[in-house]
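Structure data follow from model_19.cif (mmCIF, C-alpha atoms):
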```cif
data_query
loop_
_atom_site.label_atom_id
_atom_site.label_comp_id
_atom_site.auth_asym_id
_atom_site.auth_seq_id
_atom_site.Cartn_x
_atom_site.Cartn_y
_atom_site.Cartn_z
CA MET A 4 -8.14 14.10 -11.51
CA VAL A 5 -6.40 11.89 -14.06
CA LEU A 6 -7.28 8.20 -14.44
CA ASP A 7 -5.11 5.73 -16.36
CA SER A 8 -6.27 2.37 -17.68
CA LYS A 9 -3.29 0.55 -16.17
CA TYR A 10 -4.19 1.59 -12.63
CA HIS A 11 -7.81 2.53 -12.22
CA PRO A 12 -10.46 -0.25 -12.27
CA LEU A 13 -13.05 2.05 -13.86
CA CYS A 14 -10.70 2.69 -16.78
CA LYS A 15 -9.92 -1.02 -17.11
CA GLU A 16 -13.61 -1.88 -17.31
CA MET A 17 -14.35 0.80 -19.90
CA LYS A 18 -11.09 0.23 -21.87
CA ILE A 19 -10.35 3.95 -21.91
CA THR A 20 -6.70 4.83 -22.42
CA ASN A 21 -6.81 8.18 -20.60
CA LEU A 22 -9.67 9.85 -18.77
CA MET A 23 -9.72 13.20 -17.06
CA PHE A 24 -12.76 14.66 -15.35
CA ALA A 25 -13.58 17.19 -12.66
CA ASP A 26 -17.03 18.70 -11.95
CA ASP A 27 -17.93 20.30 -15.28
CA ILE A 28 -15.05 19.00 -17.45
CA LEU A 29 -14.71 15.61 -19.13
CA MET A 30 -11.66 14.74 -21.19
CA PHE A 31 -10.67 11.43 -22.76
CA SER A 32 -8.91 10.00 -25.78
CA LYS A 33 -9.02 6.97 -28.12
CA GLY A 34 -12.01 5.23 -26.61
CA GLU A 35 -14.80 3.18 -28.05
CA ALA A 36 -18.45 4.13 -28.32
CA GLY A 37 -19.40 1.41 -25.84
CA SER A 38 -16.91 2.78 -23.35
CA MET A 39 -18.39 6.25 -23.64
CA MET A 40 -21.90 4.91 -23.13
CA LEU A 41 -20.72 2.94 -20.12
CA LEU A 42 -19.28 6.13 -18.73
CA LEU A 43 -22.67 7.85 -19.03
CA LYS A 44 -24.34 4.88 -17.34
CA SER A 45 -21.84 5.23 -14.51
CA PHE A 46 -22.80 8.88 -14.14
CA SER A 47 -26.45 7.85 -14.10
CA SER A 48 -25.87 5.22 -11.41
CA PHE A 49 -23.93 7.70 -9.33
CA SER A 50 -26.76 10.25 -9.66
CA LYS A 51 -29.36 7.75 -8.53
CA SER A 52 -27.37 6.71 -5.47
CA SER A 53 -26.22 10.19 -4.43
CA GLY A 54 -29.04 12.42 -5.64
CA LEU A 55 -26.55 14.61 -7.52
CA GLN A 56 -27.24 15.44 -11.14
CA VAL A 57 -24.85 16.30 -13.96
CA SER A 58 -25.64 19.71 -15.46
CA ALA A 59 -25.26 18.94 -19.16
CA SER A 60 -25.70 22.56 -20.23
CA LYS A 61 -22.71 23.57 -18.10
CA SER A 62 -20.51 20.58 -18.99
CA ASN A 63 -17.91 20.34 -21.75
CA ALA A 64 -16.22 17.26 -23.22
CA TYR A 65 -12.68 17.46 -24.64
CA PHE A 66 -11.57 14.84 -27.17
CA ASN A 67 -8.22 13.73 -28.49
CA GLY A 68 -7.83 11.18 -31.27
CA VAL A 69 -11.54 10.31 -31.29
CA ALA A 70 -13.39 9.80 -34.59
CA ASP A 71 -15.93 12.47 -35.56
CA ASP A 72 -18.88 10.02 -35.61
CA LEU A 73 -18.10 8.91 -32.05
CA LYS A 74 -17.90 12.52 -30.96
CA ARG A 75 -21.33 13.25 -32.41
CA ASP A 76 -22.88 10.15 -30.85
CA PHE A 77 -21.49 10.93 -27.42
CA LEU A 78 -22.44 14.62 -27.50
CA SER A 79 -25.94 13.73 -28.73
CA VAL A 80 -26.59 11.23 -25.95
CA SER A 81 -24.89 13.15 -23.14
CA GLY A 82 -26.08 16.63 -24.00
CA PHE A 83 -22.56 17.94 -23.34
CA LYS A 84 -20.87 20.55 -25.50
CA GLU A 85 -17.51 20.00 -27.15
CA GLY A 86 -14.90 22.23 -25.57
CA LYS A 87 -11.91 23.78 -27.26
CA LEU A 88 -8.44 24.29 -25.91
CA PRO A 89 -7.25 26.45 -24.29
CA PHE A 90 -9.72 26.96 -21.44
CA ARG A 91 -9.63 27.80 -17.76
CA TYR A 92 -10.53 25.60 -14.84
CA LEU A 93 -10.67 27.06 -11.33
CA GLY A 94 -8.98 30.11 -12.85
CA MET A 95 -6.00 28.09 -14.10
CA PRO A 96 -5.10 28.01 -17.82
CA ILE A 97 -5.45 24.51 -19.33
CA GLN A 98 -3.55 24.48 -22.61
CA THR A 99 -1.03 22.53 -24.65
CA THR A 100 1.32 25.45 -25.33
CA ARG A 101 3.90 27.00 -23.06
CA LEU A 102 2.62 29.31 -20.32
CA GLN A 103 3.28 32.92 -21.30
CA LYS A 104 2.90 36.32 -19.67
CA LYS A 105 -0.44 36.96 -21.38
CA ASP A 106 -1.81 33.70 -19.95
CA CYS A 107 -1.03 34.92 -16.43
CA GLN A 108 -2.37 38.44 -16.90
CA CYS A 109 -5.54 37.55 -15.01
CA LEU A 110 -3.39 36.76 -11.96
CA VAL A 111 -1.68 40.15 -12.12
CA ASP A 112 -5.03 41.88 -12.70
CA ASN A 113 -6.51 40.11 -9.68
CA ILE A 114 -3.70 41.41 -7.49
CA CYS A 115 -4.13 44.95 -8.85
CA ASN A 116 -7.90 44.78 -8.27
CA ARG A 117 -7.33 43.77 -4.66
CA ILE A 118 -5.07 46.78 -4.20
CA HIS A 119 -7.64 49.17 -5.64
CA SER A 120 -10.32 47.70 -3.37
CA TYR A 121 -8.49 48.97 -0.28
CA GLY A 122 -8.17 52.58 0.84
CA ALA A 123 -4.48 51.83 0.58
CA ARG A 124 -3.09 55.36 0.47
CA LYS A 125 -4.48 55.93 3.97
CA PHE A 126 -2.66 52.88 5.32
CA SER A 127 0.61 53.19 7.19
CA TYR A 128 3.65 51.33 5.92
CA ALA A 129 2.95 48.65 8.50
CA GLY A 130 -0.64 48.26 7.26
CA ARG A 131 0.47 47.88 3.66
CA LEU A 132 3.11 45.34 4.70
CA THR A 133 0.40 43.26 6.35
CA VAL A 134 -1.70 43.36 3.15
CA VAL A 135 1.30 42.27 1.05
CA GLN A 136 2.17 39.43 3.43
CA HIS A 137 -1.27 37.96 3.91
CA VAL A 138 -3.26 38.92 0.81
CA LEU A 139 -1.22 39.70 -2.27
CA ASN A 140 1.38 36.94 -1.87
CA SER A 141 -1.29 34.32 -1.20
CA LEU A 142 -3.13 35.06 -4.46
CA HIS A 143 -0.44 33.52 -6.63
CA SER A 144 0.65 30.68 -4.31
CA TYR A 145 -1.76 28.24 -5.98
CA TRP A 146 -0.36 29.10 -9.41
CA ALA A 147 3.18 28.78 -8.09
CA SER A 148 2.43 25.28 -6.78
CA LEU A 149 1.46 24.05 -10.27
CA PHE A 150 3.65 25.95 -12.72
CA VAL A 151 7.09 27.47 -12.88
CA LEU A 152 5.76 30.92 -13.69
CA PRO A 153 7.45 33.04 -16.38
CA LYS A 154 10.05 35.43 -14.94
CA GLY A 155 8.20 38.39 -16.43
CA VAL A 156 5.08 37.47 -14.45
CA ILE A 157 6.99 37.14 -11.16
CA GLN A 158 8.74 40.45 -11.81
CA LYS A 159 5.38 42.10 -12.43
CA ILE A 160 3.93 40.64 -9.21
CA GLU A 161 6.94 41.79 -7.19
CA ALA A 162 6.81 45.25 -8.78
CA THR A 163 3.11 45.54 -7.94
CA CYS A 164 3.73 44.53 -4.31
CA ARG A 165 6.71 46.91 -4.08
CA ASN A 166 4.73 49.86 -5.46
CA PHE A 167 1.85 49.09 -3.11
CA LEU A 168 4.14 48.90 -0.08
CA TRP A 169 5.82 52.26 -0.66
CA ASP A 170 3.01 54.29 -2.22
CA GLY A 171 -0.28 52.40 -1.80
CA SER A 172 -0.67 52.05 -5.56
CA ALA A 173 -0.01 49.36 -8.16
CA VAL A 174 1.63 51.94 -10.42
CA PHE A 175 5.25 53.07 -9.93
CA ARG A 176 5.19 56.65 -8.68
CA ARG A 177 7.76 56.67 -5.90
CA ASN A 178 11.26 55.30 -5.49
CA PRO A 179 11.46 52.61 -2.79
CA LEU A 180 13.30 53.48 0.41
CA VAL A 181 14.91 50.04 0.73
CA ALA A 182 15.93 47.57 -1.98
CA TRP A 183 13.53 44.69 -2.65
CA ASP A 184 16.31 42.15 -2.13
CA THR A 185 16.73 43.45 1.43
CA ILE A 186 12.98 43.41 2.06
CA CYS A 187 12.83 39.72 1.08
CA ARG A 188 15.27 38.70 3.83
CA PRO A 189 14.02 37.33 7.17
CA LYS A 190 13.53 39.91 9.92
CA LYS A 191 16.49 38.57 11.87
CA GLU A 192 18.68 39.38 8.85
CA GLY A 193 17.39 42.91 8.49
CA GLY A 194 14.48 42.32 6.10
CA LEU A 195 10.70 42.40 6.38
CA GLY A 196 10.15 38.66 6.07
CA LEU A 197 8.63 38.72 2.57
CA LYS A 198 9.51 35.85 0.24
CA ASN A 199 11.64 35.94 -2.87
CA GLN A 200 8.98 34.87 -5.36
CA VAL A 201 11.39 33.15 -7.75
CA LEU A 202 12.77 30.91 -5.00
CA TRP A 203 9.31 30.36 -3.51
CA ASN A 204 8.01 29.22 -6.91
CA ILE A 205 10.87 26.70 -7.16
CA ALA A 206 10.17 25.45 -3.63
CA MET A 207 6.45 25.02 -4.34
CA VAL A 208 7.02 23.10 -7.59
CA GLY A 209 9.67 21.08 -5.73
CA ARG A 210 6.82 19.40 -3.87
CA LEU A 211 5.88 17.68 -7.15
CA VAL A 212 9.50 16.57 -7.50
CA ASP A 213 9.40 15.13 -4.00
CA TRP A 214 6.18 13.22 -4.74
CA ILE A 215 7.95 11.42 -7.57
CA ALA A 216 11.14 10.86 -5.53
CA THR A 217 9.20 9.32 -2.63
CA LYS A 218 6.75 7.44 -4.92
CA LYS A 219 3.73 9.03 -3.30
CA GLU A 220 0.44 7.18 -3.79
CA SER A 221 -0.96 9.43 -6.47
CA VAL A 222 -2.46 8.73 -9.86
CA TRP A 223 -0.39 11.58 -11.32
CA VAL A 224 2.83 10.07 -9.95
CA GLN A 225 1.88 6.68 -11.38
CA TRP A 226 1.09 8.26 -14.74
CA VAL A 227 4.43 10.10 -15.08
CA THR A 228 6.28 7.01 -13.86
CA VAL A 229 4.83 4.93 -16.71
CA ASN A 230 4.70 7.53 -19.46
CA TYR A 231 7.86 9.55 -18.76
CA LEU A 232 10.28 7.69 -16.50
CA LYS A 233 9.71 4.25 -18.07
CA GLY A 234 11.93 2.46 -15.59
CA VAL A 235 14.68 5.12 -15.46
CA PRO A 236 15.56 6.15 -11.87
CA TRP A 237 14.20 9.60 -11.08
CA GLN A 238 17.58 10.81 -9.78
CA VAL A 239 19.27 10.36 -13.17
CA TYR A 240 16.29 10.97 -15.43
CA THR A 241 16.60 13.68 -18.10
CA ALA A 242 13.56 15.02 -19.92
CA SER A 243 13.63 14.79 -23.70
CA SER A 244 13.11 17.82 -25.91
CA TYR A 245 9.79 16.31 -27.03
CA SER A 246 8.32 16.35 -23.51
CA SER A 247 5.70 18.91 -22.54
CA TRP A 248 6.95 22.27 -21.31
CA VAL A 249 5.44 21.66 -17.85
CA TRP A 250 7.33 18.40 -17.47
CA ARG A 251 10.60 19.97 -18.65
CA ARG A 252 10.22 22.71 -16.02
CA ILE A 253 9.56 20.15 -13.30
CA CYS A 254 12.71 18.29 -14.33
CA LYS A 255 14.65 21.57 -14.24
CA VAL A 256 13.49 22.16 -10.68
CA LYS A 257 14.56 18.59 -9.86
CA ASP A 258 18.10 19.45 -10.96
CA MET A 259 18.07 22.64 -8.87
CA ILE A 260 17.23 20.84 -5.62
CA ALA A 261 18.98 17.52 -6.38
CA SER A 262 21.78 18.13 -3.86
CA GLY A 263 19.19 18.24 -1.09
CA TYR A 264 18.40 14.56 -1.64
CA SER A 265 20.31 11.47 -0.61
CA GLN A 266 19.15 8.07 -1.84
CA GLY A 267 15.83 9.58 -2.86
CA VAL A 268 15.11 11.11 0.56
CA TRP A 269 15.07 14.82 1.36
CA GLN A 270 17.87 15.31 3.88
CA VAL A 271 17.43 18.98 4.74
CA GLN A 272 14.67 18.29 7.30
CA GLN A 273 14.02 15.19 9.33
CA ALA A 274 10.27 15.56 8.89
CA GLY A 275 10.57 15.37 5.10
CA TYR A 276 10.15 17.87 2.31
CA THR A 277 8.23 21.09 2.85
CA PRO A 278 8.18 24.14 0.55
CA ALA A 279 9.16 26.39 3.48
CA GLY A 280 12.15 24.20 4.33
CA CYS A 281 13.27 24.06 0.71
CA TYR A 282 12.93 27.84 0.42
CA GLU A 283 15.23 28.35 3.40
CA TRP A 284 17.68 25.89 1.88
CA LEU A 285 17.69 27.71 -1.47
CA ARG A 286 18.07 31.13 0.09
CA ASP A 287 21.45 32.79 0.63
CA ASP A 288 21.92 33.19 4.38
CA ARG A 289 22.98 36.60 5.61
CA ALA A 290 24.42 37.66 8.96
CA LYS A 291 21.92 38.45 11.69
CA VAL A 292 21.49 42.07 12.70
CA GLU A 293 21.81 42.89 16.37
CA TRP A 294 18.78 45.16 16.46
CA HIS A 295 16.09 42.84 15.10
CA ASN A 296 14.80 41.67 18.51
CA ALA A 297 14.43 45.24 19.73
CA VAL A 298 12.68 46.52 16.61
CA TRP A 299 10.27 43.62 16.15
CA ASP A 300 9.38 43.11 19.81
CA SER A 301 5.67 42.55 20.50
CA TRP A 302 5.56 45.53 22.90
CA ASN A 303 6.12 47.89 19.95
CA LEU A 304 3.24 49.05 17.78
CA PRO A 305 3.44 47.89 14.14
CA LYS A 306 3.97 51.41 12.77
CA HIS A 307 6.74 52.00 15.33
CA ARG A 308 8.42 48.73 14.34
CA PHE A 309 8.44 49.77 10.70
CA MET A 310 9.87 53.19 11.60
CA GLY A 311 12.58 51.53 13.67
CA TRP A 312 13.38 49.26 10.73
CA LEU A 313 13.71 52.25 8.39
CA ILE A 314 15.95 54.05 10.88
CA ALA A 315 18.15 50.97 11.25
CA HIS A 316 18.66 50.97 7.47
CA ARG A 317 19.19 54.74 7.46
CA ALA A 318 16.51 54.91 4.78
CA LEU A 319 14.61 58.04 5.82
CA HIS A 320 14.66 60.90 3.33
CA THR A 321 16.14 63.54 5.61
CA ASN A 322 17.00 66.98 4.25
CA SER A 323 20.65 65.99 3.96
CA LYS A 324 19.71 63.11 1.68
CA LEU A 325 17.25 65.25 -0.28
CA LYS A 326 20.00 67.82 -0.81
CA SER A 327 22.26 65.15 -2.29
CA PHE A 328 19.39 64.33 -4.70
CA GLY A 329 19.16 68.01 -5.70
CA MET A 330 15.63 68.32 -4.30
CA VAL A 331 16.36 71.01 -1.66
CA VAL A 332 18.91 73.81 -1.44
CA ASP A 333 20.15 74.21 2.14
CA GLY A 334 19.31 70.87 3.80
CA LEU A 335 18.78 72.44 7.24
CA CYS A 336 16.79 70.69 9.96
CA PHE A 337 13.09 71.56 9.84
CA LEU A 338 12.80 71.39 13.63
CA CYS A 339 15.71 73.57 14.77
CA GLY A 340 16.77 75.25 11.50
CA GLN A 341 20.40 75.46 12.64
CA THR A 342 22.21 72.34 11.44
CA GLU A 343 22.07 70.08 8.42
CA GLU A 344 19.35 67.49 8.92
CA THR A 345 21.02 64.09 8.98
CA GLN A 346 19.37 61.09 10.63
CA ASP A 347 21.76 61.25 13.60
CA HIS A 348 21.09 64.94 14.08
CA LEU A 349 17.31 64.61 13.80
CA PHE A 350 16.92 61.92 16.46
CA PHE A 351 19.93 62.42 18.75
CA GLU A 352 21.31 65.97 18.42
CA CYS A 353 18.39 68.26 17.55
CA ALA A 354 17.32 70.49 20.45
CA TYR A 355 13.66 69.61 19.86
CA SER A 356 14.36 65.84 19.94
CA LYS A 357 16.46 66.14 23.11
CA ARG A 358 13.63 68.04 24.76
CA VAL A 359 11.11 65.32 23.80
CA ILE A 360 13.32 62.62 25.38
CA ALA A 361 13.88 64.75 28.50
CA GLU A 362 10.15 65.34 28.96
CA LEU A 363 9.47 61.63 28.40
CA MET A 364 12.01 60.65 31.06
CA ASP A 365 10.44 63.13 33.47
CA VAL A 366 6.93 61.78 32.83
CA SER A 367 7.88 58.08 33.02
CA GLY A 368 10.75 58.09 35.48
CA LEU A 369 12.86 55.99 33.11
CA THR A 370 16.39 56.70 31.93
CA LEU A 371 16.33 56.69 28.14
CA PRO A 372 19.22 57.05 25.65
CA VAL A 373 19.90 60.22 23.70
CA SER A 374 22.21 58.52 21.17
CA ASP A 375 22.81 55.08 19.64
CA THR A 376 19.15 54.28 20.32
CA LEU A 377 18.91 50.91 18.56
CA LYS A 378 22.20 49.77 20.09
CA TRP A 379 20.88 50.64 23.54
CA CYS A 380 17.62 48.85 22.83
CA SER A 381 19.50 45.72 21.80
CA GLN A 382 22.13 45.64 24.57
CA SER A 383 20.28 47.07 27.56
CA THR A 384 20.32 44.72 30.56
CA GLY A 385 18.29 44.39 33.74
CA ILE A 386 14.63 43.57 34.10
CA LYS A 387 13.41 42.20 30.78
CA THR A 388 10.09 44.03 30.88
CA LYS A 389 11.86 47.28 31.78
CA ARG A 390 14.01 46.95 28.68
CA LYS A 391 10.97 46.22 26.51
CA VAL A 392 8.99 49.18 27.88
CA GLY A 393 11.97 51.47 27.41
CA THR A 394 12.48 50.26 23.84
CA ALA A 395 8.79 50.75 23.03
CA MET A 396 8.88 54.30 24.39
CA VAL A 397 12.06 55.18 22.48
CA LEU A 398 10.69 53.88 19.14
CA SER A 399 7.43 55.70 19.82
CA ALA A 400 9.35 58.92 20.47
CA MET A 401 11.34 58.52 17.25
CA TYR A 402 8.12 57.96 15.32
CA GLN A 403 6.56 61.09 16.83
CA ILE A 404 9.68 63.16 16.11
CA TRP A 405 9.57 62.13 12.46
CA GLN A 406 5.87 62.99 12.32
CA GLN A 407 6.59 66.45 13.75
CA ARG A 408 9.44 66.92 11.29
CA ASN A 409 7.03 66.24 8.40
CA LYS A 410 4.39 68.47 9.98
CA SER A 411 6.94 71.28 10.25
CA ARG A 412 7.88 70.82 6.61
CA ILE A 413 4.29 70.89 5.33
CA GLU A 414 2.32 72.94 7.86
CA HIS A 415 5.23 74.97 9.37
CA MET A 416 4.19 74.10 12.92
CA VAL A 417 4.90 71.47 15.62
CA ILE A 418 3.36 70.54 18.97
CA LYS A 419 5.14 71.02 22.30
CA PRO A 420 7.57 68.29 23.47
CA ILE A 421 5.59 67.83 26.70
CA SER A 422 2.48 67.03 24.65
CA ILE A 423 4.37 64.31 22.78
CA ALA A 424 5.66 62.89 26.09
CA LEU A 425 2.14 62.73 27.53
CA LEU A 426 0.83 61.15 24.34
CA ILE A 427 3.50 58.41 24.48
CA SER A 428 2.85 57.92 28.20
CA ASP A 429 -0.91 57.44 27.73
CA ASP A 430 -0.28 55.05 24.86
CA MET A 431 2.15 53.03 26.99
CA LYS A 432 -0.40 52.80 29.81
CA ARG A 433 -2.95 51.24 27.48
CA ARG A 434 -0.44 48.71 26.18
CA ILE A 435 0.60 47.68 29.68
CA LYS A 436 -3.05 47.17 30.68
CA GLU A 437 -3.60 44.98 27.60
CA ARG A 438 -0.65 42.69 28.34
CA ASP A 439 -1.17 39.21 29.75
CA LYS A 440 0.05 39.64 33.34
CA SER A 441 0.27 35.86 33.86
CA LYS A 442 3.42 35.80 31.70
CA LEU A 443 5.25 38.29 33.96
CA ASN A 444 7.19 37.34 37.10
CA SER A 445 6.78 39.03 40.47
CA GLN A 446 9.81 41.31 39.94
CA GLU A 447 8.41 42.58 36.64
CA LEU A 448 4.93 43.08 38.10
CA ASP A 449 6.42 45.00 41.02
CA TRP A 450 8.41 47.24 38.68
CA LEU A 451 5.37 47.96 36.50
CA GLY A 452 3.44 48.91 39.63
CA ARG A 453 6.11 51.46 40.59
CA LEU A 454 6.20 53.14 37.17
CA LYS A 455 5.78 56.89 37.49
CA PHE A 456 3.02 57.07 34.88
CA MET A 457 1.04 54.09 36.17
#
```
Structure re-expressed in structure tokens:
Amino acid sequence: MVLDSKYHPLCKEMKITNLMFADDILMFSKGEAGSMMLLLKSFSSFSKSSGLQVSASKSNAYFNGVADDLKRDFLSVSGFKEGKLPFRYLGMPIQTTRLQKKDCQCLVDNICNRIHSYGARKFSYAGRLTVVQHVLNSLHSYWASLFVLPKGVIQKIEATCRNFLWDGSAVFRRNPLVAWDTICRPKKEGGLGLKNQVLWNIAMVGRLVDWIATKKESVWVQWVTVNYLKGVPWQVYTASSYSSWVWRRICKVKDMIASGYSQGVWQVQQAGYTPAGCYEWLRDDRAKVEWHNAVWDSWNLPKHRFMGWLIAHRALHTNSKLKSFGMVVDGLCFLCGQTEETQDHLFFECAYSKRVIAELMDVSGLTLPVSDTLKWCSQSTGIKTKRKVGTAMVLSAMYQIWQQRNKSRIEHMVIKPISIALLISDDMKRRIKERDKSKLNSQELDWLGRLKFM
């Protein structure tokens, strides 16, 4: 917290120009000895009324422009130690120089340590995606809300998340199946819903810009208004070259999002500025893909959704693709051994895959597609639940076919198509039992009751 003598009554009483304190840190400049003693008396009064005590052995005082004799007197009476810049508070670097990659290395190390703490190589792609979304990205959000991070740091964070997603490791050992730019699109646009960290950093720092634009009741806003703006309207203000690097970055972000404001009010959303809204505004919109609802439907298991997403992007390393890379010689299908293994052949034309679908239709009583699977899943009409069940079964079958293809490649064996059909059927039964039946209408409930494998 920052206190300024022009606004805070405690600072006015003690005649302290600037005061900054939080838990175990005390920082002030150009004060008088009496003011410092009054500050200690205030701490003493607070301790008596609250029962809380200042731990002098764990507290540091930081001085600026204070005479040496005053420093000694204050440190002697308070028992505090004199701190030296730079230092860290709540893990954040507090320093006067520009933030560099080495200053953020602890953030990158923390992310890498989290990765190594998981049995990540045993996770499916869907499991790793969940870790990236809810753990790794959240670790640097606090940093991103305070600083415009160096590009090298953001690139390192994105590279770590990318390597973890595709190989379960922080170290690059495997080429990604899909470009990171595509992954950072929303799911409706063909991505995985991860955030572009450069744009997210801008949107988070933009909240500080909005505080100044809306004159939020904040000591920090009051301080920059007096010491930086000095009566100049925020919309036309330009930071001088003598300003701190943090302030210059904030002003740069202000220029980036300036067109989103009108008369000092954020116009993109009626509810006011939010980092999420600003991020969407900064992002380049792409056309929606027709298959996103089918792939990401809640009836599908997470690992089946991810497989469907890979298939939609034609990203699987089939033998045909491996042959083009020079990694195999003939490129024949591992399941039938008769035709070149392209993605279309593997899932729609291979004799083994056709047999799996035929057995699944016989077990379930449903009519399932043997080609253009994702198009069928997206455009199929009729009972809504019927379409969802059919889509879930098709994606499950495609997942199992790919698993058998890999098993054939490594172990030179596969299981019978009827066994796969029964496995998918049993799995579908469990999912239907787990669904909330209150959200289904009578027609859907009647159809589920007539299912052949129910």
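By only C-alpha atoms, and with residues fewer than 2 positions from A:His316 along its chain excluded, the set lying at most 10 Å from it is Leu180, Val181, Thr185, Gly193, Gly194, Met310, Gly311, Trp312, Leu313, Ile314, Ala318 and Leu319 of chain A.
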I'd like the interatomic distance between atom CA of A:Cys107 and atom CA of A:Tyr145, to a tenth of an Å.
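Between atom CA of A:Cys107 and atom CA of A:Tyr145 the gap is 12.4 Å.
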Hey, what comes out of the PyMOL selection byres ((chain A and resi 267) around 9) on this file? Could you write it as a ChimeraX atom specification?
/A:213,216-217,237-238,264-266,268-269
How many Å separate atom CA of A:Ala162 from atom CA of A:Trp183?
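Separation between atom CA of A:Ala162 and atom CA of A:Trp183: 9.1 Å.
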Pick out the closest residue to A:Ser301 from this set: A:Lys391, A:Val331, A:Asn140, A:Cys281. Count all atoms listed in the file.
A:Lys391
Around all listed atoms of stretch 277-289 of chain A, padded 6 Å per side, what centre and edge lengths does the axis-aligned box have in Å to one decimal, as lines of an AutoDock Vina configuration file?
```
center_x = 15.6
center_y = 28.8
center_z = 2.1
size_x = 26.8
size_y = 27.5
size_z = 19.1
```
Let me make sure I understand: among A:Lys419, A:Lys125, A:Leu426, A:Trp146, which one has the smallest atom-to-atom distance to A:Pro96 if we use all atoms listed in the file?
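Distance minimum relative to A:Pro96 lands on A:Trp146.
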Evaluating the PyMOL selection byres ((chain A and resi 149) around 10) on the displayed file yields which residues, as a short mmCIF file (atom, residue, chain, number, x, y, z; two decimals) with C-alpha atoms, in the frame of the given file?
```
data_model
loop_
_atom_site.label_atom_id
_atom_site.label_comp_id
_atom_site.auth_asym_id
_atom_site.auth_seq_id
_atom_site.Cartn_x
_atom_site.Cartn_y
_atom_site.Cartn_z
CA MET A 95 -6.00 28.09 -14.10
CA SER A 144 0.65 30.68 -4.31
CA TYR A 145 -1.76 28.24 -5.98
CA TRP A 146 -0.36 29.10 -9.41
CA ALA A 147 3.18 28.78 -8.09
CA SER A 148 2.43 25.28 -6.78
CA PHE A 150 3.65 25.95 -12.72
CA VAL A 151 7.09 27.47 -12.88
CA LEU A 152 5.76 30.92 -13.69
CA ASN A 204 8.01 29.22 -6.91
CA MET A 207 6.45 25.02 -4.34
CA VAL A 208 7.02 23.10 -7.59
CA GLY A 209 9.67 21.08 -5.73
CA ARG A 210 6.82 19.40 -3.87
CA LEU A 211 5.88 17.68 -7.15
CA VAL A 249 5.44 21.66 -17.85
CA ILE A 253 9.56 20.15 -13.30
#
```
On this file, the PyMOL selection byres ((chain A and resi 109-112) around 12) gives some set of residues; write that set as a ChimeraX atom specification.
/A:91,94-96,103-108,113-119,139-147,152,155-164,173
Nearest residue to A:Ala279 from the set A:Tyr65, A:Tyr92, A:Trp450, A:Trp203 (distances using only C-alpha atoms)
A:Trp203
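Put simply, atom CA of A:Cys254 is 10.4 Å away from atom CA of A:Val239.
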Find, counting all atoms listed in the file, the residue in A:Val212, A:Leu443, A:Leu338, A:Ala290 that gets nearest to A:Lys257.
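Using all atoms listed in the file, the shortest distance to A:Lys257 belongs to A:Val212.
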For A:Thr394, which of A:Val298, A:Ile421, A:Val366, A:Leu43 is the closest residue, counting only C-alpha atoms?
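Closest candidate: A:Val298.
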Determine the nearest neighbour of A:Asp287 from the options A:Pro189, A:Gly393, A:Gly275, A:Pro236, counting only C-alpha atoms.
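Counting only C-alpha atoms, the residue closest to A:Asp287 is A:Pro189.
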